[in-house]
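> So I've got this file, run.tsv, and it contains TSV, N, CA and C atoms:
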```
chain	number	residue	atom	x	y	z
G	289	MET	N	0.85	-1.17	0.00
G	289	MET	CA	0.00	0.00	0.00
G	289	MET	C	0.90	1.24	0.00
G	290	THR	N	0.66	2.15	-0.93
G	290	THR	CA	1.46	3.37	-0.98
G	290	THR	C	0.75	4.49	-0.27
G	291	ASN	N	1.52	5.39	0.23
G	291	ASN	CA	0.93	6.56	0.90
G	291	ASN	C	0.57	7.60	-0.14
G	292	MET	N	-0.68	7.90	-0.24
G	292	MET	CA	-1.16	8.93	-1.16
G	292	MET	C	-1.26	10.23	-0.40
G	293	PRO	N	-0.82	11.33	-1.01
G	293	PRO	CA	-0.97	12.61	-0.30
G	293	PRO	C	-2.44	12.92	-0.10
G	294	THR	N	-2.77	13.36	1.07
G	294	THR	CA	-4.15	13.74	1.35
G	294	THR	C	-4.19	15.22	1.67
G	295	HIS	N	-5.32	15.79	1.42
G	295	HIS	CA	-5.52	17.20	1.69
G	295	HIS	C	-6.46	17.33	2.87
G	296	SER	N	-6.15	18.24	3.72
G	296	SER	CA	-7.00	18.43	4.88
G	296	SER	C	-8.33	19.02	4.45
G	297	PRO	N	-9.39	18.80	5.23
G	297	PRO	CA	-10.69	19.38	4.88
G	297	PRO	C	-10.62	20.90	4.75
G	298	GLU	N	-9.69	21.51	5.48
G	298	GLU	CA	-9.57	22.97	5.41
G	298	GLU	C	-9.08	23.44	4.04
G	299	ALA	N	-8.39	22.55	3.30
G	299	ALA	CA	-7.87	22.92	1.98
G	299	ALA	C	-8.99	23.26	1.02
G	300	ALA	N	-10.17	22.70	1.22
G	300	ALA	CA	-11.29	22.95	0.33
G	300	ALA	C	-11.99	24.27	0.64
G	301	MET	N	-11.71	24.82	1.79
G	301	MET	CA	-12.37	26.07	2.18
G	301	MET	C	-11.82	27.22	1.35
G	302	ILE	N	-12.68	28.09	0.94
G	302	ILE	CA	-12.27	29.28	0.21
G	302	ILE	C	-12.11	30.41	1.22
G	303	GLU	N	-10.90	30.92	1.30
G	303	GLU	CA	-10.63	32.05	2.17
G	303	GLU	C	-11.23	33.31	1.53
G	304	PRO	N	-11.43	34.36	2.30
G	304	PRO	CA	-12.04	35.57	1.75
G	304	PRO	C	-11.30	36.15	0.54
G	305	ASN	N	-9.98	35.92	0.45
G	305	ASN	CA	-9.23	36.48	-0.68
G	305	ASN	C	-9.03	35.47	-1.81
G	306	GLN	N	-9.71	34.32	-1.75
G	306	GLN	CA	-9.61	33.32	-2.80
G	306	GLN	C	-10.86	33.30	-3.66
G	307	THR	N	-10.67	32.93	-4.93
G	307	THR	CA	-11.77	32.86	-5.88
G	307	THR	C	-11.62	31.60	-6.71
G	308	ALA	N	-12.71	31.02	-7.13
G	308	ALA	CA	-12.69	29.85	-8.02
G	308	ALA	C	-12.79	30.37	-9.45
G	309	PHE	N	-11.65	30.44	-10.13
G	309	PHE	CA	-11.57	30.95	-11.50
G	309	PHE	C	-11.79	29.81	-12.49
G	310	ILE	N	-12.60	30.06	-13.52
G	310	ILE	CA	-12.80	29.09	-14.60
G	310	ILE	C	-11.93	29.50	-15.78
G	311	LEU	N	-11.16	28.53	-16.30
G	311	LEU	CA	-10.26	28.79	-17.42
G	311	LEU	C	-10.59	27.86	-18.58
G	312	LYS	N	-10.38	28.34	-19.79
G	312	LYS	CA	-10.65	27.56	-21.01
G	312	LYS	C	-9.32	26.96	-21.49
G	313	VAL	N	-9.34	25.66	-21.75
G	313	VAL	CA	-8.16	24.95	-22.23
G	313	VAL	C	-8.49	24.38	-23.61
G	314	THR	N	-7.64	24.69	-24.58
G	314	THR	CA	-7.82	24.20	-25.94
G	314	THR	C	-6.54	23.48	-26.35
G	315	ARG	N	-6.71	22.29	-26.92
G	315	ARG	CA	-5.52	21.58	-27.40
G	315	ARG	C	-5.87	20.86	-28.70
G	316	PRO	N	-4.85	20.64	-29.56
G	316	PRO	CA	-5.09	19.95	-30.81
G	316	PRO	C	-5.58	18.52	-30.57
G	317	ASP	N	-6.56	18.11	-31.38
G	317	ASP	CA	-7.08	16.75	-31.28
G	317	ASP	C	-7.69	16.38	-32.62
G	318	GLU	N	-7.02	15.51	-33.35
G	318	GLU	CA	-7.48	15.13	-34.69
G	318	GLU	C	-8.80	14.38	-34.66
G	319	ALA	N	-9.17	13.80	-33.52
G	319	ALA	CA	-10.43	13.06	-33.42
G	319	ALA	C	-11.64	14.00	-33.40
G	320	GLU	N	-11.43	15.26	-33.09
G	320	GLU	CA	-12.52	16.24	-33.05
G	320	GLU	C	-12.73	16.85	-34.43
G	321	LEU	N	-13.97	17.12	-34.80
G	321	LEU	CA	-14.26	17.70	-36.12
G	321	LEU	C	-13.56	19.04	-36.32
G	322	SER	N	-13.47	19.83	-35.28
G	322	SER	CA	-12.83	21.14	-35.38
G	322	SER	C	-11.32	21.05	-35.35
G	323	GLY	N	-10.80	19.88	-34.98
G	323	GLY	CA	-9.35	19.71	-34.86
G	323	GLY	C	-8.82	20.14	-33.50
G	324	HIS	N	-9.73	20.60	-32.63
G	324	HIS	CA	-9.34	21.05	-31.29
G	324	HIS	C	-10.31	20.51	-30.25
G	325	LEU	N	-9.78	20.16	-29.12
G	325	LEU	CA	-10.58	19.75	-27.97
G	325	LEU	C	-10.63	20.92	-27.01
G	326	VAL	N	-11.81	21.31	-26.59
G	326	VAL	CA	-11.98	22.43	-25.65
G	326	VAL	C	-12.51	21.88	-24.33
G	327	MET	N	-11.84	22.26	-23.25
G	327	MET	CA	-12.23	21.84	-21.91
G	327	MET	C	-12.23	23.07	-21.01
G	328	PHE	N	-12.91	22.96	-19.89
G	328	PHE	CA	-12.89	24.03	-18.91
G	328	PHE	C	-12.38	23.48	-17.59
G	329	TYR	N	-11.51	24.25	-16.97
G	329	TYR	CA	-10.92	23.88	-15.69
G	329	TYR	C	-11.25	24.97	-14.68
G	330	VAL	N	-11.20	24.61	-13.42
G	330	VAL	CA	-11.39	25.57	-12.34
G	330	VAL	C	-10.23	25.43	-11.37
G	331	ALA	N	-9.79	26.55	-10.82
G	331	ALA	CA	-8.75	26.55	-9.79
G	331	ALA	C	-9.08	27.63	-8.77
G	332	ILE	N	-9.00	27.27	-7.50
G	332	ILE	CA	-9.24	28.22	-6.42
G	332	ILE	C	-7.91	28.83	-6.04
G	333	THR	N	-7.78	30.13	-6.24
G	333	THR	CA	-6.53	30.84	-5.95
G	333	THR	C	-6.84	32.25	-5.50
G	334	THR	N	-5.78	32.99	-5.24
G	334	THR	CA	-5.95	34.40	-4.86
G	334	THR	C	-5.88	35.33	-6.05
G	335	SER	N	-5.45	34.82	-7.23
G	335	SER	CA	-5.39	35.67	-8.42
G	335	SER	C	-5.60	34.85	-9.68
G	336	GLU	N	-6.04	35.52	-10.71
G	336	GLU	CA	-6.25	34.85	-11.99
G	336	GLU	C	-4.92	34.38	-12.59
G	337	ASP	N	-3.85	35.13	-12.38
G	337	ASP	CA	-2.53	34.72	-12.86
G	337	ASP	C	-2.08	33.42	-12.20
G	338	GLU	N	-2.34	33.30	-10.92
G	338	GLU	CA	-1.99	32.07	-10.20
G	338	GLU	C	-2.84	30.90	-10.74
G	339	ALA	N	-4.11	31.15	-11.02
G	339	ALA	CA	-4.98	30.11	-11.58
G	339	ALA	C	-4.45	29.66	-12.94
G	340	LEU	N	-4.00	30.60	-13.77
G	340	LEU	CA	-3.42	30.26	-15.07
G	340	LEU	C	-2.21	29.34	-14.89
G	341	ALA	N	-1.33	29.68	-13.96
G	341	ALA	CA	-0.13	28.89	-13.72
G	341	ALA	C	-0.49	27.48	-13.26
G	342	ILE	N	-1.46	27.35	-12.37
G	342	ILE	CA	-1.86	26.04	-11.85
G	342	ILE	C	-2.43	25.18	-12.97
G	343	VAL	N	-3.30	25.74	-13.79
G	343	VAL	CA	-3.91	24.96	-14.87
G	343	VAL	C	-2.87	24.63	-15.94
G	344	ARG	N	-1.99	25.56	-16.28
G	344	ARG	CA	-0.94	25.26	-17.26
G	344	ARG	C	-0.07	24.10	-16.79
G	345	HIS	N	0.19	24.04	-15.52
G	345	HIS	CA	0.99	22.95	-14.96
G	345	HIS	C	0.23	21.61	-15.03
G	346	ALA	N	-1.08	21.66	-14.99
G	346	ALA	CA	-1.91	20.45	-14.95
G	346	ALA	C	-2.21	19.84	-16.32
G	347	VAL	N	-2.09	20.65	-17.38
G	347	VAL	CA	-2.47	20.16	-18.71
G	347	VAL	C	-1.23	19.91	-19.56
G	348	LYS	N	-1.44	19.28	-20.72
G	348	LYS	CA	-0.32	18.98	-21.61
G	348	LYS	C	0.29	20.26	-22.16
G	349	ALA	N	1.57	20.16	-22.54
G	349	ALA	CA	2.34	21.32	-22.98
G	349	ALA	C	1.78	21.99	-24.23
G	350	ASP	N	1.08	21.22	-25.09
G	350	ASP	CA	0.56	21.80	-26.32
G	350	ASP	C	-0.80	22.49	-26.14
G	351	ALA	N	-1.28	22.54	-24.92
G	351	ALA	CA	-2.59	23.17	-24.65
G	351	ALA	C	-2.45	24.68	-24.49
G	352	THR	N	-3.47	25.37	-24.93
G	352	THR	CA	-3.56	26.81	-24.73
G	352	THR	C	-4.53	27.06	-23.59
G	353	VAL	N	-4.11	27.84	-22.60
G	353	VAL	CA	-4.95	28.13	-21.44
G	353	VAL	C	-5.31	29.61	-21.47
G	354	GLU	N	-6.60	29.90	-21.38
G	354	GLU	CA	-7.09	31.28	-21.44
G	354	GLU	C	-8.03	31.55	-20.27
G	355	THR	N	-8.04	32.78	-19.82
G	355	THR	CA	-9.02	33.17	-18.81
G	355	THR	C	-10.37	33.35	-19.47
G	356	THR	N	-11.43	33.19	-18.68
G	356	THR	CA	-12.78	33.36	-19.22
G	356	THR	C	-13.49	34.55	-18.59
G	357	GLY	N	-12.97	35.03	-17.47
G	357	GLY	CA	-13.65	36.09	-16.75
G	357	GLY	C	-14.82	35.58	-15.92
G	358	VAL	N	-14.98	34.24	-15.87
G	358	VAL	CA	-16.09	33.62	-15.15
G	358	VAL	C	-15.55	33.02	-13.86
G	359	ARG	N	-16.33	33.14	-12.81
G	359	ARG	CA	-15.95	32.60	-11.51
G	359	ARG	C	-17.11	31.79	-10.95
G	360	LEU	N	-16.77	30.80	-10.14
G	360	LEU	CA	-17.80	30.04	-9.44
G	360	LEU	C	-18.12	30.71	-8.12
G	361	SER	N	-19.35	30.56	-7.68
G	361	SER	CA	-19.70	31.05	-6.36
G	361	SER	C	-19.04	30.15	-5.32
G	362	GLN	N	-18.88	30.66	-4.11
G	362	GLN	CA	-18.30	29.87	-3.04
G	362	GLN	C	-19.17	28.64	-2.77
G	363	GLN	N	-20.47	28.80	-2.86
G	363	GLN	CA	-21.39	27.69	-2.62
G	363	GLN	C	-21.20	26.59	-3.66
G	364	THR	N	-21.05	26.96	-4.93
G	364	THR	CA	-20.84	25.97	-5.99
G	364	THR	C	-19.48	25.29	-5.84
G	365	ALA	N	-18.44	26.07	-5.54
G	365	ALA	CA	-17.10	25.50	-5.34
G	365	ALA	C	-17.11	24.50	-4.20
G	366	SER	N	-17.81	24.80	-3.13
G	366	SER	CA	-17.90	23.88	-2.00
G	366	SER	C	-18.68	22.63	-2.38
G	367	ALA	N	-19.76	22.78	-3.15
G	367	ALA	CA	-20.56	21.63	-3.55
G	367	ALA	C	-19.77	20.68	-4.45
G	368	LEU	N	-18.81	21.21	-5.22
G	368	LEU	CA	-17.97	20.40	-6.09
G	368	LEU	C	-16.74	19.84	-5.37
G	369	ASP	N	-16.61	20.15	-4.08
G	369	ASP	CA	-15.46	19.71	-3.28
G	369	ASP	C	-14.13	20.14	-3.90
G	370	LEU	N	-14.07	21.36	-4.41
G	370	LEU	CA	-12.83	21.87	-4.99
G	370	LEU	C	-11.83	22.15	-3.89
G	371	GLU	N	-10.55	21.98	-4.22
G	371	GLU	CA	-9.49	22.24	-3.26
G	371	GLU	C	-8.63	23.38	-3.75
G	372	ALA	N	-8.30	24.29	-2.86
G	372	ALA	CA	-7.48	25.44	-3.20
G	372	ALA	C	-6.12	24.98	-3.71
G	373	GLY	N	-5.65	25.64	-4.77
G	373	GLY	CA	-4.33	25.37	-5.31
G	373	GLY	C	-4.25	24.19	-6.27
G	374	LEU	N	-5.38	23.53	-6.54
G	374	LEU	CA	-5.40	22.40	-7.47
G	374	LEU	C	-6.35	22.70	-8.63
G	375	ALA	N	-6.00	22.21	-9.82
G	375	ALA	CA	-6.86	22.39	-10.99
G	375	ALA	C	-7.79	21.19	-11.11
G	376	ARG	N	-9.01	21.46	-11.53
G	376	ARG	CA	-9.97	20.37	-11.76
G	376	ARG	C	-10.75	20.66	-13.03
G	377	ALA	N	-10.84	19.64	-13.89
G	377	ALA	CA	-11.64	19.78	-15.10
G	377	ALA	C	-13.11	19.79	-14.72
G	378	LEU	N	-13.88	20.61	-15.41
G	378	LEU	CA	-15.32	20.68	-15.14
G	378	LEU	C	-16.07	19.81	-16.12
```
Turn the structure described in the file into structure tokens.

Amino acid sequence: MTNMPTHSPEAAMIEPNQTAFILKVTRPDEAELSGHLVMFYVAITTSEDEALAIVRHAVKADATVETTGVRLSQQTASALDLEAGLARAL
């Protein structure tokens, strides 16, 4: 049995200066009619720049990550069990 890193329940809490930013990720995919696969990710951070860095680190190098200007409410972020500092595909 390997030890998997666990996150404390407090990690999911959104502090007053944190926001759940939604980012658009586009990457080439020949299986798609448009030639591109579009996905949306969310990251809870203190800034949109930090959210961009987190999502860029989580996706493949050939992906383009863009801000959307859209944010999740704290209630929705909590319902999705999002964790601060981690990217999650929506």
> So which residues touch range 329-338 of chain G within 7 Å, counting only N, CA and C atoms, skipping near sequence neighbours fewer than 2 positions away, as JSON, numbers by chain?
{"G": [305, 306, 307, 308, 309, 310, 311, 312, 313, 327, 340, 341, 342, 343, 370, 371, 372, 373, 374, 375, 376, 377, 378]}
> Please identify which residues in chain G DSSP calls helix (DSSP H, G or I) from the backbone, and express them as a PyMOL selection string.
chain G and resi 297-300+336-346+362-367
> What's the separation between CA of Leu360 in chain G and CA of Lys348 in chain G, in Å to one decimal place?
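According to the coordinates, CA of Leu360 in chain G and CA of Lys348 in chain G are separated by 24.0 Å.
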> What parts of chain G does DSSP call strand (DSSP E or B)? I'd like the answer as a PyMOL selection string.
chain G and resi 307-316+324-333+352-360+372+375-377
> Figure out the distance between CA of Ala346 in chain G and atom N of Glu320 in chain G, please, to one decimal in Å.
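Answer for the atom N of Glu320 in chain G to CA of Ala346 in chain G separation: 21.1 Å.
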> Name the residues in contact with Ala351 in chain G at a cut-off of 8 Å, using only C-alpha atoms, excluding same-chain residues fewer than 6 positions from it; report them as a list in words.
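The residues that qualify are Val313, Thr314, Arg315, Pro316 and Arg344 of chain G.
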> Using atom C of His324 in chain G and atom C of Ser361 in chain G as the two end points, give the distance in Å to one decimal.
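Separation between atom C of His324 in chain G and atom C of Ser361 in chain G: 28.1 Å.
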> Enclose all atoms of range 314-328 of chain G listed in the file in an axis-aligned box, grow every side by 5 Å, and hand back centre and edge lengths in Å to one decimal, as lines of an AutoDock Vina configuration file.

```
center_x = -9.6
center_y = 18.9
center_z = -27.0
size_x = 19.4
size_y = 21.6
size_z = 28.7
```
> Between G:Asp350, G:Ala339, G:Val358, G:Glu303, which one has atoms that come closest to Asp317 in chain G, using only C-alpha atoms?
G:Asp350
